[in-house]
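Source file: work24.cif; contents: mmCIF, C-alpha atoms (C1' of nucleotides).
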data_entry
#
loop_
_atom_site.label_atom_id
_atom_site.label_comp_id
_atom_site.auth_asym_id
_atom_site.auth_seq_id
_atom_site.Cartn_x
_atom_site.Cartn_y
_atom_site.Cartn_z
CA MET A 1 9.55 32.60 7.64
CA ALA A 2 10.44 33.50 11.26
CA ASP A 3 6.85 33.08 12.47
CA VAL A 4 6.67 29.37 11.81
CA ASN A 5 5.75 26.92 14.56
CA PRO A 6 7.38 23.52 14.70
CA VAL A 7 5.21 20.64 13.47
CA LEU A 8 5.47 17.75 15.92
CA LEU A 9 4.43 14.27 14.84
CA ASP A 10 2.80 13.54 18.19
CA GLU A 11 0.42 16.44 17.76
CA GLN A 12 -0.75 15.44 14.30
CA LEU A 13 -4.28 14.08 14.00
CA CYS A 14 -3.37 12.63 10.62
CA PHE A 15 -0.74 10.42 12.20
CA SER A 16 -3.11 9.20 14.90
CA ILE A 17 -5.56 8.19 12.22
CA TYR A 18 -2.88 6.73 9.96
CA SER A 19 -1.57 4.67 12.86
CA ALA A 20 -5.04 3.55 13.98
CA SER A 21 -5.87 2.53 10.45
CA LYS A 22 -2.80 0.33 10.27
CA LYS A 23 -3.64 -1.26 13.62
CA PHE A 24 -7.20 -2.01 12.51
CA ASN A 25 -5.80 -3.52 9.35
CA HIS A 26 -3.54 -5.77 11.35
CA PHE A 27 -6.33 -6.61 13.79
CA TYR A 28 -8.70 -7.75 11.06
CA GLN A 29 -5.96 -9.53 9.18
CA SER A 30 -5.40 -11.81 12.14
CA ALA A 31 -9.09 -12.05 13.05
CA LEU A 32 -9.82 -13.17 9.49
CA ALA A 33 -6.80 -15.41 9.15
CA PRO A 34 -9.00 -18.55 9.30
CA PHE A 35 -10.70 -17.31 6.14
CA GLY A 36 -7.58 -16.05 4.41
CA LEU A 37 -9.08 -12.59 3.88
CA THR A 38 -7.15 -9.33 4.03
CA TYR A 39 -8.86 -6.23 5.38
CA PRO A 40 -9.61 -4.67 1.98
CA GLN A 41 -10.90 -8.02 0.75
CA TYR A 42 -13.10 -8.24 3.84
CA ILE A 43 -14.74 -4.84 3.34
CA ALA A 44 -15.34 -5.74 -0.29
CA MET A 45 -17.08 -8.90 0.88
CA LEU A 46 -19.14 -6.89 3.40
CA VAL A 47 -20.55 -4.75 0.62
CA LEU A 48 -21.17 -7.77 -1.59
CA TRP A 49 -22.93 -9.61 1.21
CA GLU A 50 -25.19 -6.59 1.53
CA LYS A 51 -26.13 -6.32 -2.14
CA ALA A 52 -24.37 -8.52 -4.63
CA PRO A 53 -24.27 -8.61 -7.57
CA LEU A 54 -22.58 -5.26 -8.12
CA THR A 55 -20.49 -3.84 -10.93
CA VAL A 56 -16.86 -2.98 -10.24
CA HIS A 57 -17.84 0.66 -10.44
CA GLN A 58 -20.65 0.35 -7.89
CA LEU A 59 -18.42 -1.54 -5.50
CA GLY A 60 -15.74 1.08 -5.97
CA GLU A 61 -18.09 3.92 -5.09
CA ARG A 62 -18.98 2.24 -1.85
CA LEU A 63 -15.36 1.46 -0.92
CA GLU A 64 -13.86 4.61 -2.41
CA LEU A 65 -11.54 2.52 -4.56
CA ASP A 66 -10.99 2.53 -8.32
CA SER A 67 -10.59 -0.29 -10.79
CA GLY A 68 -6.82 -0.05 -10.47
CA THR A 69 -7.16 -1.40 -6.94
CA LEU A 70 -10.33 -3.46 -7.31
CA THR A 71 -9.55 -5.44 -10.45
CA PRO A 72 -6.57 -7.29 -8.96
CA LEU A 73 -8.27 -7.57 -5.56
CA LEU A 74 -11.36 -9.12 -7.12
CA LYS A 75 -9.24 -11.47 -9.20
CA ARG A 76 -7.67 -12.71 -5.98
CA LEU A 77 -11.09 -13.12 -4.35
CA GLU A 78 -12.18 -15.05 -7.42
CA LYS A 79 -9.13 -17.29 -7.32
CA GLN A 80 -9.87 -18.04 -3.65
CA GLY A 81 -13.46 -18.91 -4.46
CA TRP A 82 -15.37 -16.01 -2.87
CA VAL A 83 -16.73 -14.32 -6.00
CA SER A 84 -17.22 -14.76 -9.71
CA ARG A 85 -16.61 -12.00 -12.22
CA VAL A 86 -19.06 -12.03 -15.10
CA ARG A 87 -19.09 -9.67 -18.05
CA SER A 88 -22.58 -8.17 -18.21
CA GLN A 89 -24.79 -9.40 -21.07
CA THR A 90 -26.71 -6.16 -21.39
CA ASP A 91 -23.69 -3.86 -21.25
CA GLU A 92 -20.41 -5.49 -22.10
CA ARG A 93 -18.39 -2.71 -20.54
CA GLN A 94 -19.51 -3.79 -17.10
CA VAL A 95 -18.28 -6.71 -15.01
CA LEU A 96 -20.72 -8.02 -12.45
CA ILE A 97 -19.34 -9.40 -9.21
CA HIS A 98 -21.42 -12.30 -7.90
CA LEU A 99 -21.08 -14.20 -4.64
CA THR A 100 -20.20 -17.86 -4.86
CA GLU A 101 -22.03 -20.50 -2.90
CA MET A 102 -19.05 -20.69 -0.57
CA ALA A 103 -19.28 -16.97 0.16
CA THR A 104 -22.96 -17.27 1.01
CA THR A 105 -22.32 -20.30 3.17
CA LYS A 106 -19.48 -18.71 5.10
CA ARG A 107 -21.10 -15.32 5.59
CA ASP A 108 -22.50 -15.90 9.06
CA GLU A 109 -19.31 -17.55 10.16
CA VAL A 110 -17.38 -14.40 9.23
CA TYR A 111 -20.03 -12.13 10.78
CA SER A 112 -19.83 -14.14 13.97
CA ARG A 113 -16.04 -14.06 14.12
CA ILE A 114 -15.97 -10.31 13.54
CA GLY A 115 -18.67 -9.79 16.15
CA GLN A 116 -16.60 -11.65 18.72
CA CYS A 117 -13.51 -9.64 17.95
CA GLN A 118 -15.38 -6.36 18.14
CA THR A 119 -16.69 -7.30 21.55
CA LEU A 120 -13.09 -7.61 22.67
CA LEU A 121 -12.60 -3.96 21.74
CA GLY A 122 -14.93 -3.07 24.60
CA MET A 123 -16.40 0.07 23.10
CA SER A 124 -20.06 0.97 23.53
CA THR A 125 -22.28 1.70 20.55
CA GLU A 126 -22.48 5.30 21.73
CA GLU A 127 -18.72 5.70 21.83
CA ILE A 128 -18.38 4.23 18.37
CA ASP A 129 -21.16 6.40 16.92
CA SER A 130 -19.68 9.51 18.47
CA MET A 131 -16.27 8.80 17.02
CA MET A 132 -17.67 8.01 13.62
CA SER A 133 -19.60 11.25 13.48
CA GLU A 134 -16.47 13.21 14.37
CA LEU A 135 -14.64 11.38 11.63
CA VAL A 136 -17.38 12.28 9.16
CA THR A 137 -16.78 15.94 10.03
CA VAL A 138 -13.06 15.62 9.46
CA LYS A 139 -13.57 13.83 6.16
CA GLU A 140 -16.02 16.47 4.98
CA GLN A 141 -13.49 19.15 5.84
CA LEU A 142 -10.79 17.29 3.94
CA ASP A 143 -13.08 16.98 0.92
CA THR A 144 -14.00 20.66 1.12
CA VAL A 145 -10.39 21.72 1.36
CA SER A 146 -9.43 19.52 -1.56
CA HIS A 147 -12.27 21.10 -3.49
CA LYS A 148 -11.16 24.61 -2.52
CA ARG A 149 -7.64 23.80 -3.63
CA LEU A 150 -9.00 22.54 -6.90
CA ILE A 151 -10.89 25.79 -7.43
CA ALA A 152 -7.78 27.73 -6.50
CA LYS A 153 -5.86 25.85 -9.16
CA GLU A 154 -8.50 26.69 -11.75
CA VAL A 155 -8.28 30.37 -10.80
CA ASP A 156 -4.51 30.17 -11.04
CA LYS A 157 -4.76 28.87 -14.56
CA THR A 158 -6.88 31.81 -15.65
CA ASN A 159 -4.24 34.32 -14.51
CA MET B 160 -25.22 -19.60 13.58
CA ALA B 161 -28.80 -18.28 13.66
CA ASP B 162 -27.96 -15.60 16.22
CA VAL B 163 -25.63 -13.64 13.96
CA ASN B 164 -26.20 -9.96 13.26
CA PRO B 165 -25.43 -8.54 9.86
CA VAL B 166 -22.21 -6.53 9.64
CA LEU B 167 -22.87 -3.31 7.73
CA LEU B 168 -19.98 -1.37 6.28
CA ASP B 169 -21.52 1.96 7.25
CA GLU B 170 -21.51 1.01 10.91
CA GLN B 171 -17.87 0.00 11.00
CA LEU B 172 -15.49 2.29 12.85
CA CYS B 173 -12.60 0.62 11.07
CA PHE B 174 -13.92 1.77 7.70
CA SER B 175 -14.42 5.34 8.90
CA ILE B 176 -10.82 5.41 10.04
CA TYR B 177 -9.56 3.64 6.92
CA SER B 178 -11.40 6.13 4.75
CA ALA B 179 -10.24 9.16 6.77
CA SER B 180 -6.68 7.92 6.59
CA LYS B 181 -6.85 7.76 2.81
CA LYS B 182 -8.33 11.26 2.63
CA PHE B 183 -5.58 12.66 4.85
CA ASN B 184 -3.06 10.92 2.66
CA HIS B 185 -4.52 12.54 -0.42
CA PHE B 186 -4.79 15.91 1.32
CA TYR B 187 -1.13 15.97 2.31
CA GLN B 188 -0.04 14.60 -1.02
CA SER B 189 -1.49 17.64 -2.76
CA ALA B 190 -0.49 20.08 -0.02
CA LEU B 191 3.09 18.85 -0.33
CA ALA B 192 3.11 18.62 -4.10
CA PRO B 193 5.40 21.68 -4.38
CA PHE B 194 8.00 19.72 -2.42
CA GLY B 195 7.41 16.39 -4.13
CA LEU B 196 6.85 14.61 -0.81
CA THR B 197 4.39 11.79 -0.23
CA TYR B 198 2.64 11.54 3.13
CA PRO B 199 4.85 8.75 4.52
CA GLN B 200 7.91 10.65 3.33
CA TYR B 201 6.58 13.77 5.05
CA ILE B 202 6.07 12.13 8.45
CA ALA B 203 9.56 10.66 8.16
CA MET B 204 10.87 14.18 7.56
CA LEU B 205 8.88 15.48 10.54
CA VAL B 206 10.64 13.05 12.86
CA LEU B 207 14.01 13.81 11.32
CA TRP B 208 13.46 17.57 11.66
CA GLU B 209 12.77 16.93 15.33
CA LYS B 210 15.88 14.88 16.05
CA ALA B 211 18.08 13.83 13.17
CA PRO B 212 20.35 11.98 12.90
CA LEU B 213 18.49 8.78 13.71
CA THR B 214 19.08 5.16 12.85
CA VAL B 215 16.59 3.38 10.60
CA HIS B 216 15.44 1.45 13.65
CA GLN B 217 14.84 4.57 15.76
CA LEU B 218 12.92 6.23 12.95
CA GLY B 219 10.91 3.05 12.51
CA GLU B 220 9.92 2.95 16.18
CA ARG B 221 8.58 6.46 15.95
CA LEU B 222 6.68 5.85 12.71
CA GLU B 223 5.72 2.25 13.46
CA LEU B 224 7.34 1.10 10.24
CA ASP B 225 9.99 -1.55 9.67
CA SER B 226 13.06 -1.55 7.47
CA GLY B 227 11.11 -3.27 4.71
CA THR B 228 9.16 -0.06 4.27
CA LEU B 229 11.76 2.46 5.39
CA THR B 230 14.78 1.33 3.41
CA PRO B 231 13.22 2.02 0.00
CA LEU B 232 11.44 5.14 1.29
CA LEU B 233 14.70 6.57 2.62
CA LYS B 234 16.51 5.71 -0.60
CA ARG B 235 13.92 7.78 -2.44
CA LEU B 236 14.32 10.66 0.03
CA GLU B 237 18.07 10.41 -0.49
CA LYS B 238 17.73 10.45 -4.26
CA GLN B 239 15.57 13.57 -4.00
CA GLY B 240 18.14 15.28 -1.81
CA TRP B 241 16.38 15.38 1.57
CA VAL B 242 18.57 13.00 3.55
CA SER B 243 21.87 11.15 3.47
CA ARG B 244 22.26 7.55 4.64
CA VAL B 245 25.53 6.89 6.40
CA ARG B 246 26.71 3.58 7.80
CA SER B 247 27.60 4.17 11.47
CA GLN B 248 31.29 4.12 12.34
CA THR B 249 30.79 2.81 15.85
CA ASP B 250 28.27 0.09 14.93
CA GLU B 251 28.36 -0.96 11.34
CA ARG B 252 24.96 -2.64 11.54
CA GLN B 253 23.34 0.75 11.85
CA VAL B 254 22.62 3.30 9.15
CA LEU B 255 22.30 6.87 10.31
CA ILE B 256 19.87 9.15 8.52
CA HIS B 257 21.11 12.73 8.36
CA LEU B 258 19.33 15.80 7.05
CA THR B 259 20.84 17.52 4.05
CA GLU B 260 21.35 21.24 3.89
CA MET B 261 18.36 21.45 1.55
CA ALA B 262 16.16 19.72 4.12
CA THR B 263 17.21 22.17 6.81
CA THR B 264 16.68 25.09 4.50
CA LYS B 265 13.22 24.00 3.41
CA ARG B 266 11.97 22.97 6.83
CA ASP B 267 10.16 26.19 7.72
CA GLU B 268 8.70 26.41 4.24
CA VAL B 269 7.12 22.99 4.72
CA TYR B 270 6.02 23.81 8.28
CA SER B 271 4.38 26.96 7.01
CA ARG B 272 2.60 25.25 4.15
CA ILE B 273 1.27 22.52 6.45
CA GLY B 274 0.18 25.10 9.00
CA GLN B 275 -1.82 26.94 6.37
CA CYS B 276 -3.52 23.76 5.21
CA GLN B 277 -4.38 22.71 8.74
CA THR B 278 -6.00 26.06 9.34
CA LEU B 279 -8.28 25.28 6.42
CA LEU B 280 -9.47 22.20 8.30
CA GLY B 281 -11.10 24.55 10.78
CA MET B 282 -10.75 22.36 13.84
CA SER B 283 -9.93 23.77 17.25
CA THR B 284 -7.02 22.46 19.28
CA GLU B 285 -9.51 21.08 21.78
CA GLU B 286 -11.41 19.14 19.13
CA ILE B 287 -8.20 17.70 17.77
CA ASP B 288 -6.88 16.76 21.20
CA SER B 289 -10.17 15.11 22.10
CA MET B 290 -10.18 13.04 18.95
CA MET B 291 -6.59 12.04 19.35
CA SER B 292 -7.15 10.84 22.89
CA GLU B 293 -10.10 8.74 21.75
CA LEU B 294 -7.91 7.28 19.04
CA VAL B 295 -5.25 6.45 21.60
CA THR B 296 -7.86 4.46 23.52
CA VAL B 297 -8.90 2.56 20.40
CA LYS B 298 -5.29 1.83 19.49
CA GLU B 299 -4.54 0.59 23.00
CA GLN B 300 -7.53 -1.73 22.79
CA LEU B 301 -6.37 -3.03 19.43
CA ASP B 302 -2.90 -3.67 20.82
CA THR B 303 -4.36 -5.39 23.88
CA VAL B 304 -6.58 -7.61 21.77
CA SER B 305 -3.70 -8.51 19.47
CA HIS B 306 -1.71 -9.36 22.54
CA LYS B 307 -4.52 -11.51 23.96
CA ARG B 308 -4.77 -13.34 20.67
CA LEU B 309 -1.04 -13.93 20.74
CA ILE B 310 -1.27 -15.39 24.22
CA ALA B 311 -4.18 -17.53 23.09
CA LYS B 312 -2.06 -18.88 20.24
CA GLU B 313 0.75 -19.73 22.65
CA VAL B 314 -1.72 -21.57 24.88
CA ASP B 315 -3.02 -23.42 21.84
CA LYS B 316 0.45 -24.63 21.00
CA THR B 317 0.92 -26.15 24.45
CA ASN B 318 -2.18 -28.35 24.05
"C1'" DG C 319 39.07 -15.55 23.20
"C1'" DG C 320 35.46 -18.10 20.78
"C1'" DC C 321 31.00 -18.84 19.50
"C1'" DA C 322 25.88 -18.80 19.89
"C1'" DA C 323 22.15 -15.58 20.30
"C1'" DT C 324 20.70 -10.98 19.16
"C1'" DT C 325 20.46 -6.88 16.75
"C1'" DT C 326 20.13 -4.14 12.56
"C1'" DA C 327 19.36 -3.40 7.61
"C1'" DA C 328 18.41 -5.03 3.36
"C1'" DT C 329 15.96 -8.13 0.35
"C1'" DT C 330 12.04 -10.89 -1.40
"C1'" DG C 331 7.35 -11.74 -2.17
"C1'" DT C 332 2.55 -10.45 -1.77
"C1'" DA C 333 -1.14 -7.06 -1.45
"C1'" DT C 334 -2.85 -2.53 -1.48
"C1'" DA C 335 -3.53 2.41 -3.38
"C1'" DC C 336 -3.81 5.51 -7.06
"C1'" DA C 337 -2.55 8.44 -11.20
"C1'" DA C 338 -2.31 7.90 -15.94
"C1'" DT C 339 -3.16 5.44 -19.89
"C1'" DA C 340 -5.22 2.04 -22.98
"C1'" DC C 341 -9.12 -0.39 -24.77
"C1'" DT C 342 -13.71 -1.72 -25.54
"C1'" DC C 343 -18.39 -0.77 -25.60
"C1'" DT C 344 -22.56 2.26 -25.70
"C1'" DG C 345 -25.52 5.88 -26.90
"C1'" DG C 346 -26.42 9.77 -29.31
"C1'" DA C 347 -25.52 13.41 -32.94
"C1'" DA C 348 -24.75 14.55 -37.67
"C1'" DT D 349 -25.23 4.75 -40.76
"C1'" DT D 350 -21.23 6.47 -39.18
"C1'" DC D 351 -18.66 8.69 -35.98
"C1'" DC D 352 -17.44 10.15 -31.60
"C1'" DA D 353 -17.68 11.52 -26.77
"C1'" DG D 354 -18.11 9.33 -22.65
"C1'" DA D 355 -18.47 5.25 -19.57
"C1'" DG D 356 -16.53 1.06 -17.56
"C1'" DT D 357 -12.76 -1.91 -16.88
"C1'" DA D 358 -8.03 -3.31 -17.26
"C1'" DT D 359 -3.18 -2.26 -17.40
"C1'" DT D 360 1.14 0.16 -16.23
"C1'" DG D 361 4.13 2.45 -13.24
"C1'" DT D 362 5.25 4.22 -8.71
"C1'" DA D 363 5.00 4.10 -3.70
"C1'" DT D 364 3.61 2.09 0.47
"C1'" DA D 365 3.06 -1.84 4.04
"C1'" DC D 366 4.52 -5.93 6.10
"C1'" DA D 367 5.78 -10.93 6.84
"C1'" DA D 368 9.64 -13.75 6.22
"C1'" DT D 369 14.24 -14.41 5.15
"C1'" DT D 370 19.08 -13.17 4.59
"C1'" DA D 371 23.41 -11.21 5.79
"C1'" DA D 372 26.52 -8.78 8.52
"C1'" DA D 373 27.97 -6.98 12.93
"C1'" DT D 374 27.88 -7.08 17.91
"C1'" DT D 375 27.06 -8.78 22.44
"C1'" DG D 376 27.01 -12.00 26.05
"C1'" DC D 377 28.39 -15.93 28.09
"C1'" DC D 378 31.33 -19.74 28.93
#
Encoding of this model in structure tokens:
Amino acid sequence: MADVNPVLLDEQLCFSIYSASKKFNHFYQSALAPFGLTYPQYIAMLVLWEKAPLTVHQLGERLELDSGTLTPLLKRLEKQGWVSRVRSQTDERQVLIHLTEMATTKRDEVYSRIGQCQTLLGMSTEEIDSMMSELVTVKEQLDTVSHKRLIAKEVDKTN
Amino acid sequence: MADVNPVLLDEQLCFSIYSASKKFNHFYQSALAPFGLTYPQYIAMLVLWEKAPLTVHQLGERLELDSGTLTPLLKRLEKQGWVSRVRSQTDERQVLIHLTEMATTKRDEVYSRIGQCQTLLGMSTEEIDSMMSELVTVKEQLDTVSHKRLIAKEVDKTN
DNA sequence: GGCAATTTAATTGTATACAATACTCTGGAA
DNA sequence: TTCCAGAGTATTGTATACAATTAAATTGCC
């Protein structure tokens, strides 16, 4: 164990991303304050504005969230009048998330507000695209590693 | 409101970062499973390994977390034997977080495990540095915008 | 020296995340 | 037809986050 290098917080990419994620969260929270939406609620609404109605499962795939997170989140969105949750007629296991009239009405207002705030960030489309593609690479690596570790576990079990 | 562009989740930098942050979280959670540390607990330990003892406030500045998050987190670390929380003699408002002997003993083991996992990510130091500096820019923008919005609020109040 | 303003932690309340479990429903196999 | 494996959602339990408040200690200012 003598060949171990110190791990310094300031050099960790994970912490940069963790910190940036929290700042974005805070940024959107205040940008969306007039609408009373949190950041996770907002991204759920983004997906729904694209293609509601969706089942909880479909929404979860898009957001990478499971029902443990989405069920209470959607109940809160329902209570605040953004969505309605309707048990599917054709398959009673599924719950379809529909937009309310209010959600449809307010969509462009939210889009506009977000657009204004993003302008304030002052990043070009190219800069944003470049960063996002780097992030895709990182995420793929993380998925691959997780997968490798999973395989490793399986191998372990067989020994 | 006719001039509003749709906001698509896939084009949002915030979501890329949010998603990457969750993947890192999951990655470290499983990498650190042998030690029973969560990701936030791990970064707290990183800072403490650099310069314990620290007050809750000092640790919070480094991690960008407040006592509302840190107090329970540190109590869990204490219960698991990583740290001790000691009320300062010279200023009884402060609580000093010390490393336990176990924490000191296991430090290099954790460093080594993390080093191995990072190698699996397959990113060069240059790639990581480049990404981190871009993230610093984004975070500075987010802070600036938040600050602008704060000023705007103050101005509002005076009207 | 005495007291208001500040500092520091802890607490409270709300909202995510996510693993693990429970429960209901569906479709297919025997 | 019955039974059951699997799918879809909800629930439970644990751990963050963070705003707002509380409580205790300290500092600064008169």
Superposition of chain B onto chain A by least squares over all sequentially paired C-alpha atoms; the transformed chain is requested as a short mmCIF file (atom, residue, chain, number, x, y, z; two decimals) with C-alpha atoms, keeping the file's coordinate frame.
data_model
loop_
_atom_site.label_atom_id
_atom_site.label_comp_id
_atom_site.auth_asym_id
_atom_site.auth_seq_id
_atom_site.Cartn_x
_atom_site.Cartn_y
_atom_site.Cartn_z
CA MET B 160 9.55 32.62 7.81
CA ALA B 161 10.41 33.52 11.42
CA ASP B 162 6.82 33.08 12.59
CA VAL B 163 6.65 29.36 11.91
CA ASN B 164 5.72 26.90 14.64
CA PRO B 165 7.36 23.51 14.77
CA VAL B 166 5.21 20.63 13.54
CA LEU B 167 5.47 17.73 15.98
CA LEU B 168 4.44 14.27 14.90
CA ASP B 169 2.80 13.53 18.24
CA GLU B 170 0.41 16.43 17.81
CA GLN B 171 -0.76 15.42 14.36
CA LEU B 172 -4.28 14.07 14.06
CA CYS B 173 -3.36 12.63 10.68
CA PHE B 174 -0.73 10.40 12.26
CA SER B 175 -3.10 9.18 14.96
CA ILE B 176 -5.57 8.19 12.27
CA TYR B 177 -2.87 6.72 10.03
CA SER B 178 -1.56 4.66 12.91
CA ALA B 179 -5.04 3.52 14.03
CA SER B 180 -5.85 2.52 10.48
CA LYS B 181 -2.78 0.31 10.32
CA LYS B 182 -3.64 -1.28 13.67
CA PHE B 183 -7.19 -2.03 12.53
CA ASN B 184 -5.76 -3.50 9.38
CA HIS B 185 -3.51 -5.78 11.37
CA PHE B 186 -6.31 -6.64 13.80
CA TYR B 187 -8.68 -7.75 11.05
CA GLN B 188 -5.93 -9.51 9.18
CA SER B 189 -5.38 -11.82 12.13
CA ALA B 190 -9.07 -12.07 13.03
CA LEU B 191 -9.79 -13.17 9.47
CA ALA B 192 -6.78 -15.42 9.12
CA PRO B 193 -8.98 -18.56 9.27
CA PHE B 194 -10.69 -17.31 6.11
CA GLY B 195 -7.57 -16.05 4.38
CA LEU B 196 -9.06 -12.59 3.86
CA THR B 197 -7.14 -9.33 4.01
CA TYR B 198 -8.87 -6.24 5.38
CA PRO B 199 -9.59 -4.66 1.98
CA GLN B 200 -10.87 -8.01 0.75
CA TYR B 201 -13.09 -8.24 3.83
CA ILE B 202 -14.73 -4.83 3.36
CA ALA B 203 -15.32 -5.73 -0.28
CA MET B 204 -17.06 -8.90 0.89
CA LEU B 205 -19.12 -6.90 3.40
CA VAL B 206 -20.53 -4.74 0.62
CA LEU B 207 -21.15 -7.75 -1.58
CA TRP B 208 -22.93 -9.61 1.23
CA GLU B 209 -25.17 -6.57 1.54
CA LYS B 210 -26.11 -6.29 -2.12
CA ALA B 211 -24.33 -8.49 -4.63
CA PRO B 212 -24.24 -8.56 -7.57
CA LEU B 213 -22.57 -5.20 -8.11
CA THR B 214 -20.47 -3.78 -10.89
CA VAL B 215 -16.83 -2.94 -10.20
CA HIS B 216 -17.80 0.72 -10.37
CA GLN B 217 -20.63 0.40 -7.84
CA LEU B 218 -18.40 -1.52 -5.44
CA GLY B 219 -15.72 1.11 -5.92
CA GLU B 220 -18.08 3.95 -5.03
CA ARG B 221 -18.96 2.26 -1.79
CA LEU B 222 -15.36 1.47 -0.86
CA GLU B 223 -13.85 4.62 -2.36
CA LEU B 224 -11.52 2.54 -4.50
CA ASP B 225 -10.98 2.60 -8.25
CA SER B 226 -10.60 -0.22 -10.73
CA GLY B 227 -6.82 0.01 -10.45
CA THR B 228 -7.14 -1.36 -6.93
CA LEU B 229 -10.30 -3.42 -7.30
CA THR B 230 -9.54 -5.37 -10.45
CA PRO B 231 -6.56 -7.23 -8.98
CA LEU B 232 -8.24 -7.52 -5.56
CA LEU B 233 -11.34 -9.08 -7.12
CA LYS B 234 -9.23 -11.43 -9.22
CA ARG B 235 -7.66 -12.67 -6.00
CA LEU B 236 -11.08 -13.08 -4.37
CA GLU B 237 -12.17 -15.00 -7.46
CA LYS B 238 -9.13 -17.25 -7.36
CA GLN B 239 -9.86 -18.01 -3.71
CA GLY B 240 -13.45 -18.88 -4.51
CA TRP B 241 -15.36 -15.99 -2.91
CA VAL B 242 -16.72 -14.28 -6.01
CA SER B 243 -17.21 -14.72 -9.74
CA ARG B 244 -16.61 -11.93 -12.25
CA VAL B 245 -19.07 -11.93 -15.11
CA ARG B 246 -19.11 -9.54 -18.05
CA SER B 247 -22.61 -8.00 -18.18
CA GLN B 248 -24.84 -9.13 -21.03
CA THR B 249 -26.73 -5.87 -21.29
CA ASP B 250 -23.67 -3.59 -21.10
CA GLU B 251 -20.44 -5.25 -22.01
CA ARG B 252 -18.35 -2.50 -20.43
CA GLN B 253 -19.48 -3.66 -17.02
CA VAL B 254 -18.27 -6.61 -14.99
CA LEU B 255 -20.69 -7.94 -12.43
CA ILE B 256 -19.33 -9.36 -9.20
CA HIS B 257 -21.41 -12.25 -7.91
CA LEU B 258 -21.06 -14.16 -4.66
CA THR B 259 -20.19 -17.82 -4.89
CA GLU B 260 -22.02 -20.47 -2.95
CA MET B 261 -19.02 -20.69 -0.62
CA ALA B 262 -19.26 -16.97 0.12
CA THR B 263 -22.93 -17.27 0.99
CA THR B 264 -22.28 -20.30 3.13
CA LYS B 265 -19.44 -18.70 5.06
CA ARG B 266 -21.07 -15.32 5.55
CA ASP B 267 -22.48 -15.91 9.03
CA GLU B 268 -19.26 -17.57 10.13
CA VAL B 269 -17.36 -14.41 9.21
CA TYR B 270 -20.02 -12.16 10.76
CA SER B 271 -19.81 -14.15 13.96
CA ARG B 272 -16.03 -14.07 14.11
CA ILE B 273 -15.97 -10.31 13.53
CA GLY B 274 -18.67 -9.79 16.13
CA GLN B 275 -16.64 -11.66 18.71
CA CYS B 276 -13.53 -9.64 17.96
CA GLN B 277 -15.40 -6.35 18.14
CA THR B 278 -16.73 -7.30 21.54
CA LEU B 279 -13.12 -7.60 22.67
CA LEU B 280 -12.63 -3.95 21.74
CA GLY B 281 -14.94 -3.08 24.61
CA MET B 282 -16.44 0.05 23.10
CA SER B 283 -20.08 0.95 23.53
CA THR B 284 -22.29 1.69 20.55
CA GLU B 285 -22.51 5.29 21.73
CA GLU B 286 -18.74 5.70 21.85
CA ILE B 287 -18.40 4.24 18.39
CA ASP B 288 -21.18 6.37 16.94
CA SER B 289 -19.69 9.50 18.49
CA MET B 290 -16.29 8.79 17.04
CA MET B 291 -17.67 8.00 13.65
CA SER B 292 -19.61 11.24 13.50
CA GLU B 293 -16.48 13.19 14.40
CA LEU B 294 -14.65 11.36 11.65
CA VAL B 295 -17.38 12.26 9.19
CA THR B 296 -16.82 15.92 10.05
CA VAL B 297 -13.07 15.61 9.50
CA LYS B 298 -13.58 13.81 6.20
CA GLU B 299 -16.04 16.45 5.01
CA GLN B 300 -13.51 19.14 5.85
CA LEU B 301 -10.80 17.29 3.97
CA ASP B 302 -13.07 16.95 0.95
CA THR B 303 -14.01 20.63 1.15
CA VAL B 304 -10.39 21.70 1.36
CA SER B 305 -9.43 19.47 -1.55
CA HIS B 306 -12.26 21.01 -3.48
CA LYS B 307 -11.15 24.55 -2.59
CA ARG B 308 -7.64 23.72 -3.71
CA LEU B 309 -9.02 22.40 -6.97
CA ILE B 310 -10.94 25.61 -7.54
CA ALA B 311 -7.81 27.57 -6.69
CA LYS B 312 -5.89 25.62 -9.33
CA GLU B 313 -8.57 26.37 -11.92
CA VAL B 314 -8.37 30.06 -11.06
CA ASP B 315 -4.60 29.89 -11.37
CA LYS B 316 -4.88 28.50 -14.86
CA THR B 317 -7.04 31.41 -16.02
CA ASN B 318 -4.37 33.96 -15.02
#
task: Give as a ChimeraX atom specification every residue of chain C that touches chain B within 9 Å, counting all atoms listed in the file.
output: /C:325-329,335
query: For the file shown, what are the residues hit by the PyMOL selection byres ((chain A) within 6 of (chain B)), laid out as a list of chain:residue names?
result: A:Val4, A:Ile17, A:Tyr18, A:Ala20, A:Ser21, A:Ser112, A:Leu121, A:Lys139, A:Gln141
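Using all atoms listed in the file for every distance, the candidate list B:Leu232, B:Leu218, B:Val245, B:Ala192 yields B:Leu232 as the residue closest to chain D.
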task: Can you give me, as an NGL selection string, the residues this file yields under the PyMOL selection byres ((chain D) within 12 of (chain B))?
output: :D and (362-369 or 371-375)
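Here atom C1' of D:DT349 stands at a distance of 12.6 Å from atom C1' of C:DG346.
Across the structure, atom C1' of C:DT324 and atom CA of B:Arg246 are spaced 19.4 Å apart.
Distance-wise, atom C1' of D:DC352 and atom C1' of C:DA347 end up 8.8 Å apart.
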message: Taking the file as I've supplied it (selection: the PyMOL selection byres ((chain C and resi 320) around 12)), which residues are included? Please answer as a ChimeraX atom specification.
response: /C:319,321-322 /D:376-378
Residues from last step as file, C-alpha atoms (C1' of nucleotides), as a JSON list (two decimals), keeping the file's coordinate frame:
[["chain", "number", "residue", "atom", "x", "y", "z"],
["C", 319, "DG", "C1'", 39.07, -15.55, 23.20],
["C", 321, "DC", "C1'", 31.00, -18.84, 19.50],
["C", 322, "DA", "C1'", 25.88, -18.80, 19.89],
["D", 376, "DG", "C1'", 27.01, -12.00, 26.05],
["D", 377, "DC", "C1'", 28.39, -15.93, 28.09],
["D", 378, "DC", "C1'", 31.33, -19.74, 28.93]]
